[in-house]
Amino acid sequence: MKKTVITTFAICAALSTQAQNKIAIDGSTTVGPIAKAFAEYFMSANPDVNITVSESGSGNGAKSLVNNTCDVAAMSRPMKDTEFKAAADKGIQPVAHVVALDGLPILVHPSNPVQALTVEQVRKIYLGEITNWKQVGGPDKAIVSISRDTNSGTYETFAKLVMSKQKIHKNCEYVGSNGAIRQRVQSTPAAIGYAGLGFVDKTVKALKINGIYPSAETVQTGEYPIARPLFMYTNAYPKLGSPLYRFVTIHLTEDGQEMVEEIGFVPVTAY
Amino acid sequence: MRLETRKLLDKAFSGLGIIAIGVMAMALLLILTPIVVRGSKAFVFKGTIEFRRMMLEQFDRGDPDKFNQEAASTAAARAPVYLMMEEFEAEMKAMKSSERREYKAAFKEVEKSIETLLGPIPGERKPVLLRQQYGQTRWERTLVKLHEALYSEEWDYSNADAMGLLVEKPRVEQFIGTKLEPMFPYLEEHISDMMLPKTTFYWRFITDKSKDSHIFGGIWPEVLGTLYLTLGAMIFAIPMGVIAAIYLCEYAKEGRVVSFLRICISTLAGVPSIVFGLFGLAFFLNTIHVSNSKSVLAGSLTLSLLILPTIIRSSEEAILAVPRAYKEAALGLGAGRWHTVMSVILPASLPGILTGIVISMGRAAGETAPIIFTAAVSVGAPLKIWETLSQPTPALPWNIYNLCTEHEAVDEIRHVQYGMVFTLVAIVLLLNLFAILMRARISKKLRG
């Protein structure tokens, strides 16, 4: 009995060290749909590689990469100095792969007559200076502002590009994922929120910002003011030809760019 | 106390008891009915030809000859739609550019909604994303998408003081007088010929892999992950918990240290599960590195810590409930302490210990917070048993949450979410049933 238990454990341990054909992805919920589609695409061509995707926010992705508990950190913002430093201390060398571009559409309920805002107005809404839709040309309704949690890369982008690092007012509601933002906005007529381009569907309405509607063209040309690249970070550049290398270069292939586009994001190059 | 007062109190108490039980039964009914009704739709539903196409191509299942026959008949039913679209395109090309612009955007929308409804237009390049390679696989979604193809949603903002109103406009109005006009009534009339809905029993929903992050296929990786995590937690928690309980009851000298230990265990039982999750991440993954990514092993260890207090306390109670006479008789006959514990006390307390194990097993299967950071992922393949030592897995409780909040196509796959809830509840119920039966058998054996 004892012997069999020990041998099973030994076999398991041996097999588990041998079967290193796995890629663990952790991080951004914005990059999540891209990572999941790439994983499906990659695994259907390479059934012996197991790719796991968890969507826990860019901050967590960075932490996992620094602690060496994931192979790819999906992030919707660049790594911060503190994270680079922590990585360097642990002997990790983060390398960025830009897999797609993303505009940050400002979302409202489709019944909201407001069609356009300026960055200034959005900032004032989140600062608590504008509290009613009638102040920006809408009906007399108190604005319900919704933001991502502070662990999110989408939040960091918003804080930098819209808020200019000023503090969001304290009545703002924080939710944990892009999907949750969409759900809150589609169920609350007076709500305003922001999410990745891939999460816009007909249940929410994206606003024109500074007169520009967020689309593939306006994001790529930089006309849309709230745009950003989406990253996958790896520890050093993956060994050429390895499964990880092939995975983080999918976005450069024609199929990869088509997937990015069909999910709703903007491919890095015109294909 | 006077007799009447006593009788009244008695009646009031039994009445309260009945009310409490009634409320509980109602709550159970209220919770379980929607779970069963909606959950069963993942297994039994009206599947369309697209479902059968997907099954044949992705899972190699179904009768190809029969499918080809059906596919031919649907293709014939669909052909006029594609023909009318082609003719309209030709018509559009012949128009002046100012007129063409008027139709172009509207036609693009129509084209897109037809693709979502029926799948890719024949003769065009096969899309890379699996979700775009098939039309609607379920009849109820087909009807929703049909409505979207027939009507465009517009918002009426004419009243500036109020929120806009949803106005549904038949798309056909945009194409009056063109070759596309007859397509809309044709689509509405012949939709069931194009899709051939048939009642489908998809019991392999439980044992199929998911395709394209749950848009097609089943939930096997999640089910397997939940079983691994639960069993793993049990493997660690049962021996540790029962041994600790035996030590506390039979070996340790009653005193300050033991009562302090008991307080600690009770406190541990009250610690919120997310704290265990964070502890698991910080200790098992980041400090002692049981694996180099999240893994079933790390998740099981974390879950076992979570259920350990329950197992210790219930085992202790069960052991203390064994009559002293048993123990004294065994010791009096010359058995050692070890022998007494193994051959007299443990068998006699087994039913009680099992109860504790069952309760904690249900909890381990359903807990979400401890596995978020230690084991659970939103997409992954079903694991082989040795891979559990180093790889993370999807698991039912986490994926239910993930599907309803984070998934990009939430509304398209509600049935998967409900199916998962149903399966999780069924698993917990089966585990409990199994343990109750086992407990009954053991008690019967003990009574001789």
# chains A, B, ... in the order shown; residues from 1 in each chain; ligands from 1

$ residues_around --residues "A:Thr234" --least-positions-apart "2" --cutoff "6 Å" --atoms "only C-alpha atoms" --output "compact mmCIF listing (two decimals) with N, CA and C atoms, in the first residue's frame"
# COMPACT_ATOMS: atom_id res chain seq x y z
N VAL A 72 2.87 34.68 -19.09
CA VAL A 72 2.52 35.88 -19.82
C VAL A 72 1.65 36.75 -18.92
N PRO A 94 11.08 41.94 -17.67
CA PRO A 94 9.82 42.04 -18.44
C PRO A 94 10.06 42.58 -19.85
N VAL A 95 9.53 41.86 -20.84
CA VAL A 95 9.62 42.32 -22.22
C VAL A 95 8.20 42.53 -22.73
N ALA A 236 11.84 38.04 -20.15
CA ALA A 236 12.82 38.03 -21.24
C ALA A 236 12.11 37.69 -22.55

$ interface_residues --of "chain B" --to "chain A" --cutoff "9 Å" --atoms "only C-alpha atoms" --output "PyMOL selection string"
chain B and resi 127-130+132+153+155-166+211-213+285-286+289+291-294+372-373+376-383+385-394+402+404-410

$ write_last_selection --atoms "C-alpha atoms" --output "short mmCIF file (atom, residue, chain, number, x, y, z; two decimals), in the first residue's frame"
data_model
loop_
_atom_site.label_atom_id
_atom_site.label_comp_id
_atom_site.auth_asym_id
_atom_site.auth_seq_id
_atom_site.Cartn_x
_atom_site.Cartn_y
_atom_site.Cartn_z
CA PRO B 127 -13.52 33.33 -40.44
CA VAL B 128 -10.72 32.47 -37.99
CA LEU B 129 -12.80 32.91 -34.86
CA LEU B 130 -14.82 29.79 -34.16
CA GLN B 132 -18.14 33.32 -36.44
CA GLU B 153 -33.22 49.69 -33.12
CA TRP B 155 -33.50 55.81 -30.18
CA ASP B 156 -35.88 58.72 -30.30
CA TYR B 157 -34.31 61.69 -28.54
CA SER B 158 -36.91 64.25 -29.63
CA ASN B 159 -37.94 65.03 -26.05
CA ALA B 160 -34.85 66.79 -24.76
CA ASP B 161 -35.98 66.73 -21.14
CA ALA B 162 -36.32 62.97 -20.90
CA MET B 163 -34.38 59.85 -21.73
CA GLY B 164 -34.73 58.57 -25.28
CA LEU B 165 -37.28 55.98 -26.28
CA LEU B 166 -36.51 52.79 -28.14
CA LYS B 211 -14.87 25.56 -27.56
CA ASP B 212 -13.97 29.22 -28.05
CA SER B 213 -14.26 30.14 -24.36
CA LEU B 285 2.65 30.16 -4.26
CA ASN B 286 4.88 33.11 -3.45
CA HIS B 289 6.48 27.71 -4.38
CA SER B 291 4.21 25.03 -8.15
CA ASN B 292 5.49 27.68 -10.53
CA SER B 293 2.05 28.99 -11.42
CA LYS B 294 -1.40 28.71 -9.90
CA ILE B 372 -9.36 32.77 -7.29
CA PHE B 373 -5.69 33.43 -6.62
CA ALA B 376 -8.83 28.93 -10.89
CA VAL B 377 -8.53 30.24 -14.45
CA SER B 378 -11.24 31.22 -16.91
CA VAL B 379 -10.00 29.06 -19.77
CA GLY B 380 -7.97 25.87 -19.72
CA ALA B 381 -7.91 22.27 -20.89
CA PRO B 382 -9.09 19.36 -18.75
CA LEU B 383 -6.09 18.16 -16.73
CA ILE B 385 -4.10 13.62 -12.88
CA TRP B 386 -0.36 14.30 -12.73
CA GLU B 387 -0.81 17.74 -14.24
CA THR B 388 -2.77 18.81 -11.17
CA LEU B 389 0.55 19.23 -9.35
CA SER B 390 1.70 22.03 -11.60
CA GLN B 391 -1.22 23.44 -13.59
CA PRO B 392 -4.25 25.58 -12.85
CA THR B 393 -7.74 24.55 -13.86
CA PRO B 394 -11.10 26.10 -14.55
CA ASN B 402 -16.51 34.77 -14.58
CA CYS B 404 -21.73 36.35 -15.59
CA THR B 405 -19.43 39.32 -15.04
CA GLU B 406 -16.35 39.20 -17.23
CA HIS B 407 -17.14 37.27 -20.35
CA GLU B 408 -17.34 39.47 -23.46
CA ALA B 409 -20.42 37.67 -24.83
CA VAL B 410 -22.43 37.24 -21.63
#

$ select_by_dssp --residues "stretch 190-329 of chain B" --states "alpha helix (DSSP H)" --output "VMD selection string"
chain B and resid 190 to 195 220 to 246 256 to 270 273 to 280 296 to 320 324 to 329

$ residues_around --residues "A:Val66" --least-positions-apart "2" --cutoff "9 Å" --atoms "only C-alpha atoms" --output "number ranges by chain"
A: 61-64, 68-70, 83-84, 86-88, 90-94, 235

$ write_last_selection --atoms "C-alpha atoms" --output "compact mmCIF listing (two decimals), in the first residue's frame"
# COMPACT_ATOMS: atom_id res chain seq x y z
CA GLY A 61 -0.81 40.20 -13.95
CA ALA A 62 2.27 42.31 -13.22
CA LYS A 63 2.51 40.86 -9.71
CA SER A 64 2.25 37.32 -11.04
CA ASN A 68 7.30 34.20 -11.59
CA THR A 69 3.91 32.51 -11.24
CA CYS A 70 2.79 33.15 -14.81
CA GLU A 83 7.02 46.99 -10.96
CA PHE A 84 10.12 47.05 -13.18
CA ALA A 86 10.54 44.68 -8.22
CA ALA A 87 11.04 42.49 -11.28
CA ALA A 88 14.70 43.41 -11.58
CA LYS A 90 13.84 39.13 -8.48
CA GLY A 91 15.82 38.55 -11.65
CA ILE A 92 12.83 38.93 -13.95
CA GLN A 93 13.24 40.91 -17.16
CA PRO A 94 9.82 42.04 -18.44
CA ASN A 235 10.03 37.25 -18.73

$ residues_around --residues "A:Leu207" --least-positions-apart "6" --cutoff "6 Å" --atoms "only C-alpha atoms" --output "MDAnalysis selection string"
chainID A and resid 106 115:116

$ write_last_selection --atoms "C-alpha atoms" --output "CSV table (one decimal), in the first residue's frame"
chain,number,residue,atom,x,y,z
A,106,ILE,CA,-16.9,56.5,-22.7
A,115,GLN,CA,-24.1,62.1,-28.0
A,116,ALA,CA,-20.8,63.8,-27.4

$ select_by_dssp --residues "stretch 110-250 of chain A" --states "strand (DSSP E or B)" --output "ChimeraX atom specification"
/A:116-117,132,142,144-148,173-175,191-194,205-206,208-209,212,227-235

$ residues_around --residues "B:Ala71" --least-positions-apart "4" --cutoff "12 Å" --atoms "only C-alpha atoms" --output "MDAnalysis selection string"
chainID B and resid 48:53 56 63:67 75:79 118 193:196

$ write_last_selection --atoms "C-alpha atoms" --output "compact mmCIF listing (two decimals), in the first residue's frame"
# COMPACT_ATOMS: atom_id res chain seq x y z
CA THR B 48 -30.71 24.08 -35.10
CA ILE B 49 -28.84 22.74 -38.12
CA GLU B 50 -25.95 24.97 -37.08
CA PHE B 51 -25.70 23.08 -33.79
CA ARG B 52 -25.49 19.80 -35.66
CA ARG B 53 -22.93 21.25 -38.07
CA LEU B 56 -20.09 17.19 -36.57
CA ASP B 63 -24.65 10.98 -38.69
CA PRO B 64 -22.88 12.64 -41.66
CA ASP B 65 -25.33 11.29 -44.27
CA LYS B 66 -28.34 12.54 -42.41
CA PHE B 67 -26.61 15.83 -41.78
CA ALA B 75 -29.03 25.39 -48.21
CA ALA B 76 -31.89 25.27 -50.70
CA ALA B 77 -34.06 27.27 -48.30
CA ARG B 78 -31.30 29.80 -47.75
CA ALA B 79 -30.31 30.18 -51.39
CA LEU B 118 -27.17 31.81 -40.52
CA ASP B 193 -36.74 25.68 -43.01
CA MET B 194 -33.37 27.40 -42.94
CA MET B 195 -32.55 26.25 -39.43
CA LEU B 196 -34.51 23.00 -38.95

$ residues_around --residues "B:Thr200" --least-positions-apart "4" --cutoff "9 Å" --atoms "only C-alpha atoms" --output "VMD selection string"
chain B and resid 43 to 48

$ write_last_selection --atoms "C-alpha atoms" --output "mmCIF file, in the first residue's frame"
data_model
loop_
_atom_site.group_PDB
_atom_site.id
_atom_site.type_symbol
_atom_site.label_atom_id
_atom_site.label_comp_id
_atom_site.auth_asym_id
_atom_site.auth_seq_id
_atom_site.Cartn_x
_atom_site.Cartn_y
_atom_site.Cartn_z
ATOM 1 C CA PHE B 43 -29.071 19.981 -21.668
ATOM 2 C CA VAL B 44 -32.452 19.925 -23.396
ATOM 3 C CA PHE B 45 -33.179 22.552 -26.001
ATOM 4 C CA LYS B 46 -34.163 23.035 -29.605
ATOM 5 C CA GLY B 47 -30.960 22.732 -31.577
ATOM 6 C CA THR B 48 -30.706 24.080 -35.098
#
